[in-house]
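**Q** What follows is a single structure, and I will ask about it in a moment.
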Amino acid sequence: MTPKNIEPARKYGPGDTMTPESLDPVREHIAFQVIGQHDLVDGMLICLLSDGHLLVEGMPGLAKTTAVNALSEAIEGDFHRIQFTPDLLPSDLVGTDIYRHEKAEFEFRPGPLFHNILLADEVNRAPAKVQAALLEAMGERQITVGQKTYLLPQLFMVLATQNPVEQEGTYHLPEAQLDRFLMQVVVDYPNHEEELKILALDNDRQREVPKPPAKPLPQEELFAMRTHVANLFMDPKLNRYIVDLVQATRNPAAYDKEMARWCRFGASPRASLALARCSRARAWLHGENFVSPEHIQEIAADILRHRLLLTFEAEAEGITTDDLIKRLISLVAIP
């Protein structure tokens with residue numbers, strides 16, 4: 001089985017019009033269905049531009065699934081949603097070999113992982129074997145079934161959701177899998193004004209069903225945007241700043257006794273790569289021609305919160321990973 005053919009991104013020159021405004025139709029389509037949740041929308045777009053996967057954490061009813069569905073409708077490509085449950089099997093994700101009597105041979109039937117955008121709803125409800133099936137796909141963009149390896153589409157993005165409170169019937173995501181998510185965005189409750197708009201939007205929906213945009217964003221244009229983002233200027237001193245931030249999570253005692261008391265394990269080199277890629281994407285989305293330290297600091301929590309492990313002492317005191325990251329940013333000097 002060969003994955004769906006996708007034309008490679010062509011090189012856009014200085015005269016091309018690939019700007020952040022090119023994503024306005026995508027934003028407008030999401031905003032038509034989701035009120036507020038700006039951090040979630042920005043996180044989805046940053047991961048889309050950075051060629052990474054997103055973990056969304058929040059209580060039920062906060063439009064996590066709705067936002068992902070809206071994004072998939074606005075992007076050209078195949079979309080599949082799979083509800084993770086305790087009885088899910090790895091073959092339900094990757095596919096399986098089917099024996100064809102008429103051909104007297106096995107034929108591979110691809111699973112949901114061969115779609116461009118995969119919504120893994122309540123990803124922490126699946127057991128370890130299913131979680132392991134995602135590791136190769138998310139890290140290497142391929143899957144292995146038996147003795148054969150199959151490449152996934154050029155555009156491949158996993159958007160996973162999980163409930164942070166309910167623990168019955170859930171499994172803790174392994175650190176190896178968490179590390180493969182480029183970002184983790186925490187979704188909070190809407191404010192008073194936003195919730196009033198949600199009620200108004202619900203009344204409008206009873207009269208008008210949301211429709212996909214007339215022209216979804218072509219994959220070729222998305223790949224061109226990724227090229228622009230990857231080529232955005234970043235001063236070499238900021239590379240050092242990124243490494244200093246990540247190194248500080250592994251050796252917190254060199255910066256602060258309190259931070260050393262909170263942090264049990266630091267972030268991997270994937271965090272450094274993610275900080276560089278996502279800060280470029282954030283700067284590009286804001287219309288900037290270069291990355292500043294503020295872009296790195298603004299994205300740091302979403303990059304690091306799922307890659308740090310707190311000590312038991314910190315958890316007992318009610319310290320969160322976000323508290324640790326705030327202290328980290330305040331202590332590591334900007335070059």
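In the structure tokens, chains take the letters A, B, ... in the order shown, each chain's residues start at 1, and ligands count up from 1 in the order shown.
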Excluding segment 244-254 of chain A and any residue of its chain fewer than 6 positions from it, enumerate the residues within 12 Å of it, using only C-alpha atoms, and give them as an MDAnalysis selection string.
**A** chainID A and resid 237:238 260:276 293 296:297 300:301 303:305 307:310 321 324:335
**Q** If we count only C-alpha atoms and set the cut-off at 10 Å, which residues sit around Ser22 of chain A, ignoring sequence neighbours fewer than 4 positions away in its own chain? Please answer as a PyMOL selection string.
**A** chain A and resi 17-18+26-27+217+221-222+225
**Q** Give me a file of those residues, with C-alpha atoms, as a short mmCIF file (atom, residue, chain, number, x, y, z; two decimals), in the first residue's frame.
**A**
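The file below, selection-v2.cif, is the result:
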data_model
loop_
_atom_site.label_atom_id
_atom_site.label_comp_id
_atom_site.auth_asym_id
_atom_site.auth_seq_id
_atom_site.Cartn_x
_atom_site.Cartn_y
_atom_site.Cartn_z
CA THR A 17 2.09 36.51 -1.16
CA MET A 18 2.42 33.90 1.60
CA VAL A 26 -8.95 29.28 8.56
CA ARG A 27 -9.20 31.50 11.64
CA LEU A 217 -6.45 25.93 2.44
CA GLU A 221 0.15 26.72 0.32
CA LEU A 222 0.52 25.25 3.80
CA MET A 225 4.05 28.74 4.75
#
**Q** Nearest to Thr65 of chain A among A:Ile242, A:Leu40, A:Leu48, A:Ala126, with distances taken over only C-alpha atoms: which residue is it?
**A**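 That would be A:Leu40, the residue with the smallest distance to Thr65 of chain A.
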**Q** Going by DSSP on the backbone, which bits of segment 37-281 of chain A are alpha helix (DSSP H)? Write them as number ranges by chain, please.
**A** A: 38-50, 64-74, 91-94, 128-140, 175-178, 192-207, 219-230, 236-250, 257-262, 269-281
**Q** So that I can see what lies close to Glu175 of chain A, please list as number ranges by chain the residues with an atom at most 9 Å from it, counting only C-alpha atoms and leaving out residues fewer than 4 positions away in the same chain.
**A** A: 179-180, 306-307
**Q** Save the residues we just selected, N, CA and C atoms, as a compact mmCIF listing (two decimals), in the first residue's frame?
**A**
# COMPACT_ATOMS: atom_id res chain seq x y z
N ASP A 179 6.49 13.36 25.05
CA ASP A 179 7.59 14.10 24.45
C ASP A 179 7.42 14.27 22.95
N ARG A 180 6.62 13.40 22.33
CA ARG A 180 6.41 13.49 20.89
C ARG A 180 5.34 14.52 20.51
N HIS A 306 4.48 19.61 29.52
CA HIS A 306 4.28 18.15 29.48
C HIS A 306 5.61 17.40 29.44
N ARG A 307 6.71 18.15 29.48
CA ARG A 307 8.03 17.51 29.43
C ARG A 307 8.78 17.56 30.76
**Q** With only C-alpha atoms as the counted atoms, please give the residues lying no more than 8 Å from Ala70 of chain A, apart from itself and same-chain residues fewer than 4 positions off, as a list in words.
**A**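 The residues satisfying every condition are His29, Ile30, Gln33, Thr66, Ala74 and Pro212 of chain A.
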**Q** For N, CA and C atoms, I'd like the residues from the last selection saved as a compact mmCIF listing (two decimals), in the first residue's frame.
**A**
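Result saved to again_36.txt:
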# COMPACT_ATOMS: atom_id res chain seq x y z
N HIS A 29 -13.13 30.56 9.97
CA HIS A 29 -13.99 29.38 10.02
C HIS A 29 -14.02 28.79 11.42
N ILE A 30 -12.86 28.77 12.11
CA ILE A 30 -12.84 28.27 13.48
C ILE A 30 -13.63 29.20 14.40
N GLN A 33 -17.36 28.81 14.74
CA GLN A 33 -17.87 27.70 15.53
C GLN A 33 -17.40 27.70 16.97
N THR A 66 -14.70 20.46 18.95
CA THR A 66 -15.28 21.36 17.94
C THR A 66 -14.21 22.14 17.22
N ALA A 74 -11.19 23.33 7.41
CA ALA A 74 -10.59 24.48 6.73
C ALA A 74 -9.28 24.13 6.03
N PRO A 212 -18.50 24.11 5.76
CA PRO A 212 -17.06 24.24 5.50
C PRO A 212 -16.80 25.42 4.58
**Q** Taking 5 positions as the minimum chain separation for residues in the same chain, which residues sit within 8 Å of Cys47 of chain A when counting only C-alpha atoms? Answer as a list in words.
**A**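 The residues satisfying every condition are Gly52, His53, Leu54, Leu182, Met183 and Cys278 of chain A.
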**Q** From the set A:Arg226, A:Gly58, A:Glu194, A:Pro216, which residue has the shortest atom-to-atom contact distance to Gly36 of chain A, counting only C-alpha atoms?
**A**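 Selected residue with least distance to Gly36 of chain A: A:Glu194.
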**Q** Which one is closest to Asn239 of chain A: A:Leu23, A:Val291, A:Leu89, A:Ala104? Count only C-alpha atoms.
**A**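 Looking at the shortest contact to Asn239 of chain A, the residue is A:Val291.
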**Q** Looking at A:Leu178, A:Leu62, A:Ala128, A:Leu201, which one is nearest to Phe84 of chain A, with distances taken over only C-alpha atoms?
**A** A:Ala128
**Q** Counting only C-alpha atoms, which residue out of A:Ala176, A:Val243, A:Ala31, A:Val56 sits closest to Asp302 of chain A?
**A**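 So, comparing all the options, the nearest one is A:Val56.
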**Q** What lies within 10 Å of Glu140 of chain A using only C-alpha atoms, ignoring chain neighbours under 2 positions off, as a PyMOL selection string?
**A** chain A and resi 135-138+142-143+151-152+180
**Q** Which value, in Å to one decimal, gives the distance between atom CA of Leu155 of chain A and atom CA of Asp51 of chain A?
**A** 7.9 Å
**Q** Would you kindly return, as a list in words, each protein, DNA or RNA residue with an atom no farther than 10 Å from any atom of Ile198 of chain A, considering only C-alpha atoms and excluding same-chain residues fewer than 6 positions away?
**A**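 Counting only the stated atoms, we get Gln33, Val34, Ile35, Gly36, Pro190, His192 and Asp204 of chain A.
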**Q** Taking into account only C-alpha atoms, which residue in the set A:Gln147, A:Lys129, A:Met157, A:Pro90 is nearest to Phe114 of chain A?
**A**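 Checking each candidate against Phe114 of chain A, we get A:Met157 as the closest.
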**Q** Could you find all residues in segment 8-73 of chain A that DSSP calls strand (DSSP E) from the backbone, and write them as an MDAnalysis selection string?
**A** chainID A and resid 54:57
**Q** Let's have the selection written as a PDB file, in the first residue's frame, with N, CA and C atoms.
**A**
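As a result, out.pdb now contains:
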ATOM      1  N   LEU A  54      -0.288  18.118  18.603  1.00  0.00           N
ATOM      2  CA  LEU A  54      -0.799  18.941  19.699  1.00  0.00           C
ATOM      3  C   LEU A  54      -1.608  18.100  20.673  1.00  0.00           C
ATOM      4  N   LEU A  55      -1.340  18.296  21.965  1.00  0.00           N
ATOM      5  CA  LEU A  55      -2.120  17.686  23.040  1.00  0.00           C
ATOM      6  C   LEU A  55      -2.942  18.780  23.698  1.00  0.00           C
ATOM      7  N   VAL A  56      -4.270  18.605  23.723  1.00  0.00           N
ATOM      8  CA  VAL A  56      -5.183  19.598  24.288  1.00  0.00           C
ATOM      9  C   VAL A  56      -5.781  19.029  25.564  1.00  0.00           C
ATOM     10  N   GLU A  57      -5.609  19.756  26.652  1.00  0.00           N
ATOM     11  CA  GLU A  57      -6.106  19.287  27.944  1.00  0.00           C
ATOM     12  C   GLU A  57      -7.133  20.270  28.480  1.00  0.00           C
TER      13      GLU A  57
END
**Q** Find the distance between atom CA of Pro174 of chain A and atom CA of Gly146 of chain A and write it in Å to one decimal.
**A**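 It comes out at 23.8 Å.
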**Q** Tell me, in Å to one decimal, how far atom CA of Phe32 of chain A is from atom CA of Lys215 of chain A.
**A** 15.6 Å
